[in-house]
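This is protein26.tsv (TSV, C-alpha atoms).
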chain	number	residue	atom	x	y	z
A	1	MET	CA	96.21	274.28	221.47
A	2	THR	CA	98.37	273.39	218.53
A	3	SER	CA	99.40	269.77	217.97
A	4	GLU	CA	102.35	268.73	215.84
A	5	LEU	CA	102.27	265.42	214.03
A	6	ASP	CA	105.22	263.97	212.12
A	7	ILE	CA	104.19	261.84	209.18
A	8	PHE	CA	106.48	259.53	207.23
A	9	VAL	CA	105.26	258.06	203.97
A	10	GLY	CA	107.10	255.18	202.34
A	11	ASN	CA	106.34	252.37	199.92
A	12	THR	CA	108.74	249.69	201.19
A	13	THR	CA	106.88	246.43	201.80
A	14	LEU	CA	107.27	245.45	205.44
A	15	ILE	CA	108.02	241.81	206.14
A	16	ASP	CA	107.62	240.40	209.63
A	17	GLU	CA	109.83	237.30	209.73
A	18	ASP	CA	107.88	235.68	212.57
A	19	VAL	CA	104.56	236.07	210.78
A	20	TYR	CA	106.16	234.81	207.54
A	21	ARG	CA	107.31	231.70	209.37
A	22	LEU	CA	103.78	231.09	210.70
A	23	TRP	CA	102.37	231.51	207.18
A	24	LEU	CA	104.95	229.11	205.73
A	25	ASP	CA	104.16	226.62	208.49
A	26	GLY	CA	100.56	226.59	207.25
A	27	TYR	CA	98.81	228.21	210.18
A	28	SER	CA	95.51	230.03	209.60
A	29	VAL	CA	95.23	233.70	210.53
A	30	SER	CA	93.37	232.87	213.75
A	31	ASP	CA	95.96	230.24	214.76
A	32	ALA	CA	98.79	232.63	213.92
A	33	VAL	CA	97.19	235.37	216.04
A	34	ALA	CA	96.82	232.95	218.95
A	35	LEU	CA	100.47	231.94	218.69
A	36	ARG	CA	101.58	235.56	218.54
A	37	VAL	CA	99.51	236.38	221.64
A	38	ARG	CA	101.10	233.42	223.42
A	39	SER	CA	104.56	234.77	222.54
A	40	GLY	CA	103.82	237.88	224.61
A	41	ILE	CA	103.73	240.36	221.72
A	42	LEU	CA	100.78	242.32	223.16
A	43	GLU	CA	102.70	243.03	226.35
A	44	GLN	CA	105.88	243.85	224.44
A	45	THR	CA	104.24	246.33	222.06
A	46	GLY	CA	101.19	247.56	223.96
A	47	ALA	CA	99.01	246.69	220.96
A	48	THR	CA	95.42	245.55	221.27
A	49	ALA	CA	94.10	242.17	220.12
A	50	GLY	CA	92.24	243.91	217.28
A	51	VAL	CA	95.40	245.59	216.02
A	52	LEU	CA	97.27	242.29	216.17
A	53	GLN	CA	94.49	240.59	214.19
A	54	SER	CA	94.60	243.30	211.51
A	55	ASP	CA	98.40	243.24	211.38
A	56	THR	CA	98.44	239.47	210.91
A	57	MET	CA	95.77	239.58	208.20
A	58	ASP	CA	97.64	242.35	206.39
A	59	HIS	CA	100.85	240.31	206.38
A	60	TYR	CA	99.02	237.20	205.20
A	61	ARG	CA	97.48	239.15	202.29
A	62	THR	CA	100.95	240.37	201.31
A	63	PHE	CA	102.39	236.84	201.44
A	64	HIS	CA	99.54	235.47	199.30
A	65	MET	CA	100.22	238.14	196.67
A	66	LEU	CA	103.95	237.43	196.79
A	67	GLU	CA	103.52	233.68	196.46
A	68	ARG	CA	103.03	233.64	192.68
A	69	LEU	CA	106.34	235.53	192.36
A	70	LEU	CA	108.05	233.09	194.73
A	71	HIS	CA	107.11	230.30	192.32
A	72	ALA	CA	109.49	231.95	189.83
A	73	PRO	CA	111.99	233.83	192.04
A	74	THR	CA	113.65	235.73	189.17
A	75	LYS	CA	110.30	237.50	188.66
A	76	LEU	CA	110.42	238.73	192.25
A	77	LEU	CA	113.72	240.45	191.50
A	78	HIS	CA	112.42	242.33	188.49
A	79	GLN	CA	108.85	243.24	189.53
A	80	LEU	CA	108.02	246.80	190.58
A	81	ILE	CA	104.83	246.29	192.62
A	82	PHE	CA	106.54	245.37	195.90
A	83	GLN	CA	109.48	247.50	197.01
A	84	ILE	CA	111.54	244.92	198.88
A	85	PRO	CA	115.28	245.32	199.53
A	86	PRO	CA	117.46	242.61	197.92
A	87	SER	CA	118.42	241.11	201.29
A	88	ARG	CA	114.74	240.65	202.18
A	89	GLN	CA	114.00	239.20	198.76
A	90	ALA	CA	116.73	236.60	199.35
A	91	LEU	CA	115.26	235.80	202.77
A	92	LEU	CA	111.74	235.39	201.34
A	93	ILE	CA	112.96	233.02	198.62
A	94	GLU	CA	115.27	230.95	200.81
A	95	ARG	CA	112.66	230.41	203.51
A	96	TYR	CA	109.90	229.67	201.01
A	97	TYR	CA	111.97	226.82	199.55
A	98	THR	CA	113.32	225.55	202.86
A	99	PHE	CA	111.80	222.18	203.81
A	100	ASP	CA	111.35	220.01	206.88
A	101	GLU	CA	113.67	217.02	207.32
A	102	ALA	CA	110.76	214.87	208.49
A	103	PHE	CA	108.76	215.70	205.38
A	104	VAL	CA	111.49	215.17	202.80
A	105	ARG	CA	112.32	211.76	204.31
A	106	GLU	CA	108.75	210.65	203.61
A	107	VAL	CA	108.83	211.56	199.91
A	108	LEU	CA	112.53	211.16	199.00
A	109	GLY	CA	112.92	208.88	195.99
A	110	LYS	CA	109.20	208.79	195.24
A	111	LYS	CA	107.71	209.96	191.98
A	112	LEU	CA	106.65	213.61	192.32
A	113	SER	CA	103.17	212.93	190.96
A	114	LYS	CA	99.50	213.24	191.91
A	115	GLY	CA	99.69	209.75	193.39
A	116	THR	CA	102.29	210.81	195.93
A	117	LYS	CA	100.44	214.08	196.58
A	118	LYS	CA	97.41	212.03	197.67
A	119	ASP	CA	99.54	210.65	200.51
A	120	LEU	CA	100.19	214.09	201.99
A	121	ASP	CA	97.30	213.77	204.45
A	122	ASP	CA	98.93	210.69	205.97
A	123	ILE	CA	102.37	212.33	205.94
A	124	SER	CA	100.95	215.39	207.70
A	125	THR	CA	99.43	213.21	210.41
A	126	LYS	CA	102.61	211.16	210.82
A	127	THR	CA	105.04	214.10	210.95
A	128	GLY	CA	102.88	216.72	212.68
A	129	ILE	CA	103.55	219.16	209.83
A	130	THR	CA	100.43	221.00	208.68
A	131	LEU	CA	98.87	219.78	205.45
A	132	LYS	CA	99.24	223.23	203.92
A	133	SER	CA	102.98	223.22	204.62
A	134	CYS	CA	103.31	219.68	203.25
A	135	ARG	CA	101.63	220.80	200.03
A	136	ARG	CA	103.90	223.83	199.70
A	137	GLN	CA	107.02	221.71	200.18
A	138	PHE	CA	105.83	219.00	197.79
A	139	ASP	CA	104.87	221.56	195.14
A	140	ASN	CA	108.29	223.20	195.51
A	141	PHE	CA	110.03	219.86	194.94
A	142	LYS	CA	107.87	219.20	191.89
A	143	ARG	CA	108.35	222.72	190.50
A	144	VAL	CA	112.13	222.58	190.75
A	145	PHE	CA	112.16	219.07	189.26
A	146	LYS	CA	110.08	220.11	186.23
A	147	VAL	CA	112.25	223.16	185.53
A	148	VAL	CA	115.66	221.46	185.70
A	149	GLU	CA	115.07	217.81	184.79
A	150	GLU	CA	115.97	218.22	181.11
A	151	MET	CA	118.58	220.97	181.37
A	152	ARG	CA	122.17	220.46	180.35
A	153	GLY	CA	124.97	221.35	182.69
A	154	SER	CA	125.40	221.35	186.45
A	155	LEU	CA	122.23	220.47	188.32
A	156	VAL	CA	123.20	222.67	191.28
A	157	ASP	CA	124.04	225.63	189.02
A	158	ASN	CA	120.76	225.29	187.13
A	159	ILE	CA	118.79	225.28	190.36
A	160	GLN	CA	120.66	228.31	191.67
A	161	GLN	CA	120.22	230.19	188.42
A	162	HIS	CA	116.46	229.64	188.18
A	163	PHE	CA	115.48	229.65	191.86
A	164	LEU	CA	118.16	231.87	193.42
A	165	LEU	CA	118.78	229.51	196.33
A	166	SER	CA	121.86	229.40	198.53
A	167	ASP	CA	124.53	226.88	197.58
A	168	ARG	CA	123.59	224.51	200.42
A	169	LEU	CA	119.86	224.58	199.68
A	170	ALA	CA	120.50	224.18	195.93
A	171	ARG	CA	122.61	221.11	196.67
A	172	ASP	CA	119.80	219.68	198.79
A	173	TYR	CA	117.32	220.24	195.96
A	174	ALA	CA	119.76	218.63	193.52
A	175	ALA	CA	119.71	215.52	195.72
A	176	ILE	CA	115.90	215.55	195.79
A	177	VAL	CA	115.71	215.87	191.98
A	178	PHE	CA	118.34	213.16	191.50
A	179	PHE	CA	116.54	210.74	193.85
A	180	ALA	CA	113.13	211.45	192.31
A	181	ASN	CA	114.48	210.87	188.80
A	182	ASN	CA	116.20	207.58	189.65
A	183	ARG	CA	113.51	206.46	192.12
A	184	PHE	CA	115.93	205.21	194.78
A	185	GLU	CA	114.19	203.29	197.56
A	186	THR	CA	114.55	205.11	200.89
A	187	GLY	CA	111.43	204.08	202.77
A	188	LYS	CA	112.23	200.49	203.79
A	189	LYS	CA	112.38	199.83	207.52
A	190	LYS	CA	116.08	198.98	207.45
A	191	LEU	CA	116.81	202.43	205.93
A	192	GLN	CA	114.86	204.45	208.49
A	193	TYR	CA	117.97	205.16	210.57
A	194	LEU	CA	119.39	207.20	207.68
A	195	SER	CA	118.75	210.95	207.53
A	196	PHE	CA	118.10	213.09	204.49
A	197	GLY	CA	121.64	214.42	204.97
A	198	ASP	CA	123.02	210.88	204.59
A	199	PHE	CA	121.19	210.36	201.30
A	200	ALA	CA	122.04	213.87	200.05
A	201	PHE	CA	125.73	213.20	200.72
A	202	CYS	CA	125.56	210.02	198.62
A	203	ALA	CA	123.56	211.79	195.89
A	204	GLU	CA	126.26	214.42	195.56
A	205	LEU	CA	128.94	211.76	195.18
A	206	MET	CA	126.93	209.91	192.53
A	207	ILE	CA	126.18	213.11	190.61
A	208	GLN	CA	129.87	213.96	190.64
A	209	ASN	CA	131.05	210.51	189.55
A	210	TRP	CA	128.31	208.30	188.09
A	211	THR	CA	126.36	210.58	185.73
A	212	LEU	CA	127.06	211.61	182.15
A	213	GLY	CA	127.83	215.10	183.37
A	214	ALA	CA	130.45	213.69	185.74
A	215	VAL	CA	132.81	212.87	182.90
A	216	GLY	CA	131.71	215.56	180.47
A	217	GLU	CA	130.35	213.04	177.99
A	218	ALA	CA	128.15	215.28	175.90
A	219	PRO	CA	126.22	213.34	173.25
A	220	THR	CA	127.88	213.37	169.84
A	221	ASP	CA	124.49	213.41	168.10
A	222	PRO	CA	123.10	216.97	168.21
A	223	ASP	CA	119.55	215.52	168.12
A	224	SER	CA	120.22	213.28	171.10
A	225	GLN	CA	117.63	213.34	173.86
A	226	VAL	CA	120.30	213.05	176.57
A	227	ASP	CA	119.88	216.58	177.91
A	228	ASP	CA	119.77	216.01	181.65
A	229	MET	CA	123.49	215.39	182.10
A	230	ASP	CA	123.55	215.54	185.92
A	231	VAL	CA	120.17	213.89	186.50
A	232	ASP	CA	120.56	210.51	184.77
A	233	LEU	CA	123.09	207.87	185.70
A	234	ASP	CA	125.58	207.05	182.94
A	235	LYS	CA	124.04	203.91	181.39
A	236	GLU	CA	127.27	202.93	179.62
A	237	PHE	CA	129.14	203.10	182.93
A	238	LEU	CA	126.49	200.93	184.60
A	239	GLN	CA	126.76	198.38	181.78
A	240	ASP	CA	130.55	198.30	182.10
A	241	LEU	CA	130.31	197.54	185.82
A	242	LYS	CA	129.52	193.92	184.90
A	243	GLU	CA	133.21	193.60	184.03
A	244	LEU	CA	134.04	193.85	187.74
A	245	LYS	CA	132.52	190.41	188.39
A	246	VAL	CA	135.85	188.87	187.46
A	247	LEU	CA	137.12	189.96	190.90
A	248	VAL	CA	134.87	187.40	192.57
A	249	ALA	CA	134.28	184.93	189.73
A	250	ASP	CA	138.01	184.25	189.22
A	251	LYS	CA	139.09	182.27	192.27
A	252	ASP	CA	142.77	183.16	191.85
A	253	LEU	CA	142.00	186.89	191.70
A	254	LEU	CA	139.68	186.63	194.70
A	255	ASP	CA	142.28	184.75	196.76
A	256	LEU	CA	145.05	187.18	195.81
A	257	HIS	CA	142.85	190.18	196.59
A	258	LYS	CA	142.08	188.72	200.01
A	259	SER	CA	145.75	188.00	200.65
A	260	LEU	CA	146.79	191.55	199.77
A	261	VAL	CA	144.16	193.10	202.02
A	262	CYS	CA	144.86	190.78	204.95
A	263	THR	CA	148.62	191.33	204.71
A	264	ALA	CA	148.14	195.11	204.73
A	265	LEU	CA	145.67	195.16	207.61
A	266	ARG	CA	147.14	192.54	209.94
A	267	GLY	CA	147.66	194.19	213.32
A	268	LYS	CA	146.00	197.40	212.20
A	269	ILE	CA	142.32	196.67	212.78
A	270	GLY	CA	140.61	195.18	215.82
A	271	VAL	CA	138.24	193.01	213.81
A	272	PHE	CA	140.94	191.33	211.73
A	273	SER	CA	139.72	187.75	212.29
A	274	GLU	CA	136.13	188.71	211.43
A	275	MET	CA	137.33	190.53	208.33
A	276	GLU	CA	139.48	187.60	207.23
A	277	THR	CA	136.59	185.16	207.74
A	278	ASN	CA	134.01	187.29	205.93
A	279	PHE	CA	136.23	188.84	203.24
A	280	LYS	CA	134.87	186.80	200.35
A	281	ASN	CA	131.23	187.39	201.30
A	282	LEU	CA	131.80	191.11	201.69
A	283	SER	CA	133.68	191.29	198.38
A	284	ARG	CA	130.99	189.34	196.55
A	285	GLY	CA	128.38	191.67	198.02
A	286	LEU	CA	130.15	194.84	196.87
A	287	VAL	CA	130.97	193.52	193.41
A	288	ASN	CA	127.55	191.96	192.82
A	289	VAL	CA	125.85	195.25	193.69
A	290	ALA	CA	127.86	196.82	190.87
A	291	ALA	CA	127.11	194.05	188.40
A	292	LYS	CA	123.33	194.33	188.96
A	293	LEU	CA	123.06	198.08	188.30
A	294	THR	CA	122.08	197.45	184.68
A	295	HIS	CA	118.51	196.80	185.88
A	296	ASN	CA	116.26	199.63	186.97
A	297	LYS	CA	114.94	197.72	189.96
A	298	ASP	CA	118.46	197.08	191.23
A	299	VAL	CA	119.33	200.75	190.77
A	300	ARG	CA	116.30	201.63	192.87
A	301	ASP	CA	117.36	199.12	195.55
A	302	LEU	CA	120.98	200.35	195.70
A	303	PHE	CA	120.81	201.56	199.30
A	304	VAL	CA	118.86	198.52	200.45
A	305	ASP	CA	121.54	196.28	198.92
A	306	LEU	CA	124.44	198.26	200.43
A	307	VAL	CA	122.91	198.02	203.88
A	308	GLU	CA	122.13	194.31	203.51
A	309	LYS	CA	125.38	193.23	201.85
A	310	PHE	CA	127.86	195.36	203.77
A	311	VAL	CA	126.56	197.57	206.57
A	312	GLU	CA	124.55	194.92	208.44
A	313	PRO	CA	127.23	192.17	208.31
A	314	CYS	CA	129.88	194.59	209.61
A	315	ARG	CA	127.56	195.98	212.22
A	316	SER	CA	126.66	192.49	213.47
A	317	ASP	CA	130.39	191.84	214.01
A	318	HIS	CA	130.73	195.22	215.78
A	319	TRP	CA	133.20	196.78	213.38
A	320	PRO	CA	134.26	200.26	214.59
A	321	LEU	CA	133.85	202.95	211.96
A	322	ASN	CA	137.60	203.45	211.69
A	323	ASP	CA	138.11	199.75	210.94
A	324	VAL	CA	135.47	200.00	208.21
A	325	ARG	CA	137.35	202.98	206.77
A	326	LEU	CA	140.71	201.17	206.85
A	327	PHE	CA	139.19	198.07	205.26
A	328	LEU	CA	137.47	199.95	202.43
A	329	ASN	CA	140.57	201.99	201.67
A	330	GLN	CA	142.75	198.91	201.48
A	331	TYR	CA	140.11	196.81	199.71
A	332	SER	CA	139.83	199.45	197.01
A	333	ALA	CA	143.54	200.28	196.70
A	334	SER	CA	144.87	196.71	196.62
A	335	VAL	CA	143.08	195.98	193.33
A	336	HIS	CA	145.79	198.06	191.62
A	337	SER	CA	148.25	195.28	192.49
A	338	LEU	CA	146.22	192.59	190.73
A	339	ASP	CA	148.08	192.10	187.46
A	340	GLY	CA	145.28	190.11	185.85
A	341	PHE	CA	142.68	192.83	186.41
A	342	ARG	CA	142.22	195.20	183.45
A	343	HIS	CA	139.50	197.59	184.60
A	344	GLN	CA	141.32	199.90	187.00
A	345	ALA	CA	139.68	203.16	185.89
A	346	LEU	CA	136.22	201.59	186.07
A	347	TRP	CA	137.00	200.22	189.55
A	348	GLU	CA	138.17	203.63	190.77
A	349	ARG	CA	135.06	205.36	189.45
A	350	TYR	CA	132.83	202.80	191.18
A	351	MET	CA	134.64	202.37	194.47
A	352	GLY	CA	135.56	206.03	194.93
A	353	THR	CA	131.86	206.82	195.26
A	354	LEU	CA	130.88	203.59	196.99
A	355	CYS	CA	133.47	203.97	199.77
A	356	GLY	CA	132.21	207.46	200.55
A	357	CYS	CA	128.60	206.28	200.60
A	358	LEU	CA	129.29	203.23	202.76
A	359	LEU	CA	131.17	205.26	205.34
A	360	ARG	CA	128.23	207.67	205.51
A	361	LEU	CA	125.72	204.81	205.77
A	362	TYR	CA	127.69	203.02	208.48
A	363	HIS	CA	126.60	204.20	211.90
A	364	ASP	CA	128.53	202.08	214.41

Represent the structure contained in this file as structure tokens.
Amino acid sequence: MTSELDIFVGNTTLIDEDVYRLWLDGYSVSDAVALRVRSGILEQTGATAGVLQSDTMDHYRTFHMLERLLHAPTKLLHQLIFQIPPSRQALLIERYYTFDEAFVREVLGKKLSKGTKKDLDDISTKTGITLKSCRRQFDNFKRVFKVVEEMRGSLVDNIQQHFLLSDRLARDYAAIVFFANNRFETGKKKLQYLSFGDFAFCAELMIQNWTLGAVGEAPTDPDSQVDDMDVDLDKEFLQDLKELKVLVADKDLLDLHKSLVCTALRGKIGVFSEMETNFKNLSRGLVNVAAKLTHNKDVRDLFVDLVEKFVEPCRSDHWPLNDVRLFLNQYSASVHSLDGFRHQALWERYMGTLCGCLLRLYHD
């Protein structure tokens, strides 16, 4: 009896997305096999437990060999050992650098150092994310930070160029790098209601408006060490913010500012009486936050101060979000009518970003 057997030989590296996810999540081979069995794969495919074990181990070996290339994604594109279609390469890279919201909230704003890495055991226990996955995510943050921290130009573009991430993921990593560099406090109890997305939104606004790169101020000295244009806050801008104190230190300006805002908002917001009563305290809070940003500690405490000086007082008086928006818009715009105030451009640069951040931080 003659048997016919069709044989196909190929060298394309096969990637099982489900097994890749289990590997990224830090599961051991035995745990991954158990989870695959529980998913019903044996019944679906008719495979034996031994075949499933071998298949899982084979995939894990492939992922381990690929990992060194994933550390420098451009190398994955140009290597010849693994024949992987471009679409699968993009998937491997994107998923390798994807992170868990619960994890990033624990390390956001902290120094990406050995000291923080020692806390990963506790973070793993708290979040339920495997220690292996925590280490991968932390090492990814640190790797991206080290590559782009001293580069000129757009932070997002640099990340995309060197790590081949999607626009959204590159923007998220830009926020992580920006927060790690400026060490913003995010872990205080009063900030726990805020998500990574809230902080990332504010980071993007600050990168666009408060850094040297925001205004294209390249250093005039070719030997200048100011290379990380989108990573560092513009120190000269922060120093100039002290000039805004006149808005609350000059009683006539403060009274006129209040009068302009109250006249514009009368009958338009439901918390008018509360706003009128607390106007000076709110204004002092917003202006004093600006004036203190010359000190590193106050830069780090920016979000704590915004919540304490503005969000909590408005929340305690039950301001609806739309009333907060109307107030901030009018509060910011009415300064243009103050004839004695000579720092309009500085005010716009500060409040344009601050209004966006406050509206994102305010959860009514």

Q) Restricting the calculation to all atoms listed in the file, which member of A:Ala180, A:Thr98, A:Val51, A:Arg315 is positioned closest to Ser113 (chain A)? A) A:Ala180

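The two atoms in question, CA of Gly115 (chain A) and CA of Ser28 (chain A), are spaced 26.3 Å apart.
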
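Note that the spacing between CA of Asp121 (chain A) and CA of Cys134 (chain A) amounts to 8.5 Å.
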
Provide an axis-aligned box for all listed atoms of region 253-258 of chain A, padding each side by 8 Å; report its centre and its edge lengths in Å to one decimal, as JSON.
{"center_x": 142.4, "center_y": 187.5, "center_z": 195.9, "size_x": 21.4, "size_y": 21.4, "size_z": 24.3}

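Separating CA of Gln344 (chain A) from CA of Phe201 (chain A) is a distance of 24.7 Å.
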
What's around region 142-157 of chain A at 6 Å? Count all atoms listed in the file, leave out sequence neighbours fewer than 2 positions away in its own chain, and write the answer as an mmCIF file with C-alpha atoms, keeping the file's coordinate frame.
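After the write, out23.cif holds the following:
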data_model
loop_
_atom_site.group_PDB
_atom_site.id
_atom_site.type_symbol
_atom_site.label_atom_id
_atom_site.label_comp_id
_atom_site.auth_asym_id
_atom_site.auth_seq_id
_atom_site.Cartn_x
_atom_site.Cartn_y
_atom_site.Cartn_z
ATOM 1 C CA LEU A 112 106.650 213.610 192.320
ATOM 2 C CA ASP A 139 104.870 221.560 195.140
ATOM 3 C CA ASN A 140 108.290 223.200 195.510
ATOM 4 C CA ILE A 159 118.790 225.280 190.360
ATOM 5 C CA GLN A 160 120.660 228.310 191.670
ATOM 6 C CA GLN A 161 120.220 230.190 188.420
ATOM 7 C CA ALA A 170 120.500 224.180 195.930
ATOM 8 C CA ARG A 171 122.610 221.110 196.670
ATOM 9 C CA ALA A 174 119.760 218.630 193.520
ATOM 10 C CA VAL A 177 115.710 215.870 191.980
ATOM 11 C CA ASP A 227 119.880 216.580 177.910
ATOM 12 C CA ASP A 228 119.770 216.010 181.650
ATOM 13 C CA MET A 229 123.490 215.390 182.100
ATOM 14 C CA ASP A 230 123.550 215.540 185.920
#

Contact residues around Trp319 (chain A) with all atoms listed in the file at 7 Å, ignoring same-chain residues under 5 positions, as a PDB file with C-alpha atoms, in the coordinates of the input:
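The resulting out.pdb:
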ATOM      1  CA  VAL A 271     138.240 193.010 213.810  1.00  0.00           C
ATOM      2  CA  CYS A 314     129.880 194.590 209.610  1.00  0.00           C
ATOM      3  CA  VAL A 324     135.470 200.000 208.210  1.00  0.00           C
TER       4      VAL A 324
END

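For the set A:Glu43, A:Glu106, A:Asp323, A:Asp58, the residue with the smallest atom-to-atom gap to Thr125 (chain A) is A:Glu106, counting all atoms listed in the file.
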
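Distances here use only C-alpha atoms; by that measure, the residue among A:Arg21, A:Arg349, A:Lys126, A:Arg105 closest to Ala200 (chain A) is A:Arg105.
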
Counting only C-alpha atoms, find the residues whose atoms lie at most 6 Å from (138.9, 201.7, 196.7) (file coordinates) and write them out as an mmCIF file with C-alpha atoms, in the frame of the given file.
data_model
loop_
_atom_site.group_PDB
_atom_site.id
_atom_site.type_symbol
_atom_site.label_atom_id
_atom_site.label_comp_id
_atom_site.auth_asym_id
_atom_site.auth_seq_id
_atom_site.Cartn_x
_atom_site.Cartn_y
_atom_site.Cartn_z
ATOM 1 C CA ASN A 329 140.570 201.990 201.670
ATOM 2 C CA TYR A 331 140.110 196.810 199.710
ATOM 3 C CA SER A 332 139.830 199.450 197.010
ATOM 4 C CA ALA A 333 143.540 200.280 196.700
ATOM 5 C CA MET A 351 134.640 202.370 194.470
ATOM 6 C CA GLY A 352 135.560 206.030 194.930
#

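With only C-alpha atoms as the atoms that count, the residue of A:Met275, A:Ile269, A:Pro320, A:Phe303 with the shortest distance to Lys189 (chain A) is A:Phe303.
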
Need the neighbours of (123.9, 198.0, 195.4): which residues are at most 12 Å away, counting all atoms listed in the file, as a PDB file with C-alpha atoms, in the coordinates of the input?
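result-v9.pdb, written as the output of this step:
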ATOM      1  CA  PHE A 184     115.930 205.210 194.780  1.00  0.00           C
ATOM      2  CA  GLU A 185     114.190 203.290 197.560  1.00  0.00           C
ATOM      3  CA  LEU A 238     126.490 200.930 184.600  1.00  0.00           C
ATOM      4  CA  LEU A 241     130.310 197.540 185.820  1.00  0.00           C
ATOM      5  CA  ARG A 284     130.990 189.340 196.550  1.00  0.00           C
ATOM      6  CA  GLY A 285     128.380 191.670 198.020  1.00  0.00           C
ATOM      7  CA  LEU A 286     130.150 194.840 196.870  1.00  0.00           C
ATOM      8  CA  VAL A 287     130.970 193.520 193.410  1.00  0.00           C
ATOM      9  CA  ASN A 288     127.550 191.960 192.820  1.00  0.00           C
ATOM     10  CA  VAL A 289     125.850 195.250 193.690  1.00  0.00           C
ATOM     11  CA  ALA A 290     127.860 196.820 190.870  1.00  0.00           C
ATOM     12  CA  ALA A 291     127.110 194.050 188.400  1.00  0.00           C
ATOM     13  CA  LYS A 292     123.330 194.330 188.960  1.00  0.00           C
ATOM     14  CA  LEU A 293     123.060 198.080 188.300  1.00  0.00           C
ATOM     15  CA  THR A 294     122.080 197.450 184.680  1.00  0.00           C
ATOM     16  CA  HIS A 295     118.510 196.800 185.880  1.00  0.00           C
ATOM     17  CA  ASN A 296     116.260 199.630 186.970  1.00  0.00           C
ATOM     18  CA  LYS A 297     114.940 197.720 189.960  1.00  0.00           C
ATOM     19  CA  ASP A 298     118.460 197.080 191.230  1.00  0.00           C
ATOM     20  CA  VAL A 299     119.330 200.750 190.770  1.00  0.00           C
ATOM     21  CA  ARG A 300     116.300 201.630 192.870  1.00  0.00           C
ATOM     22  CA  ASP A 301     117.360 199.120 195.550  1.00  0.00           C
ATOM     23  CA  LEU A 302     120.980 200.350 195.700  1.00  0.00           C
ATOM     24  CA  PHE A 303     120.810 201.560 199.300  1.00  0.00           C
ATOM     25  CA  VAL A 304     118.860 198.520 200.450  1.00  0.00           C
ATOM     26  CA  ASP A 305     121.540 196.280 198.920  1.00  0.00           C
ATOM     27  CA  LEU A 306     124.440 198.260 200.430  1.00  0.00           C
ATOM     28  CA  VAL A 307     122.910 198.020 203.880  1.00  0.00           C
ATOM     29  CA  GLU A 308     122.130 194.310 203.510  1.00  0.00           C
ATOM     30  CA  LYS A 309     125.380 193.230 201.850  1.00  0.00           C
ATOM     31  CA  PHE A 310     127.860 195.360 203.770  1.00  0.00           C
ATOM     32  CA  VAL A 311     126.560 197.570 206.570  1.00  0.00           C
ATOM     33  CA  TYR A 350     132.830 202.800 191.180  1.00  0.00           C
ATOM     34  CA  MET A 351     134.640 202.370 194.470  1.00  0.00           C
ATOM     35  CA  THR A 353     131.860 206.820 195.260  1.00  0.00           C
ATOM     36  CA  LEU A 354     130.880 203.590 196.990  1.00  0.00           C
ATOM     37  CA  CYS A 357     128.600 206.280 200.600  1.00  0.00           C
ATOM     38  CA  LEU A 358     129.290 203.230 202.760  1.00  0.00           C
TER      39      LEU A 358
END

What's the 12 Å shell around Ser87 (chain A), counting only C-alpha atoms, without same-chain residues fewer than 5 positions away, as a PDB file with C-alpha atoms, in the frame of the given file?
ATOM      1  CA  ILE A  15     108.020 241.810 206.140  1.00  0.00           C
ATOM      2  CA  LEU A  77     113.720 240.450 191.500  1.00  0.00           C
ATOM      3  CA  LEU A  92     111.740 235.390 201.340  1.00  0.00           C
ATOM      4  CA  ILE A  93     112.960 233.020 198.620  1.00  0.00           C
ATOM      5  CA  GLU A  94     115.270 230.950 200.810  1.00  0.00           C
TER       6      GLU A  94
END

Q: Would you kindly return, as an MDAnalysis selection string, each protein, DNA or RNA residue with an atom no farther than 10 Å from any atom of Arg342 (chain A), considering only C-alpha atoms and excluding same-chain residues fewer than 5 positions away?
A: chainID A and resid 243:244 246 335:336 347

Q. Could you pull the residues within 12 Å of Gly270 (chain A), counting all atoms listed in the file, minus those fewer than 3 positions along the same chain, as a list in words?
A. Leu265, Arg266, Gly267, Ser273, Glu274, Met275, Glu276, Asp317, His318, Trp319, Pro320, Leu321, Asn322, Asp323, Val324, Leu326 and Phe327 of chain A
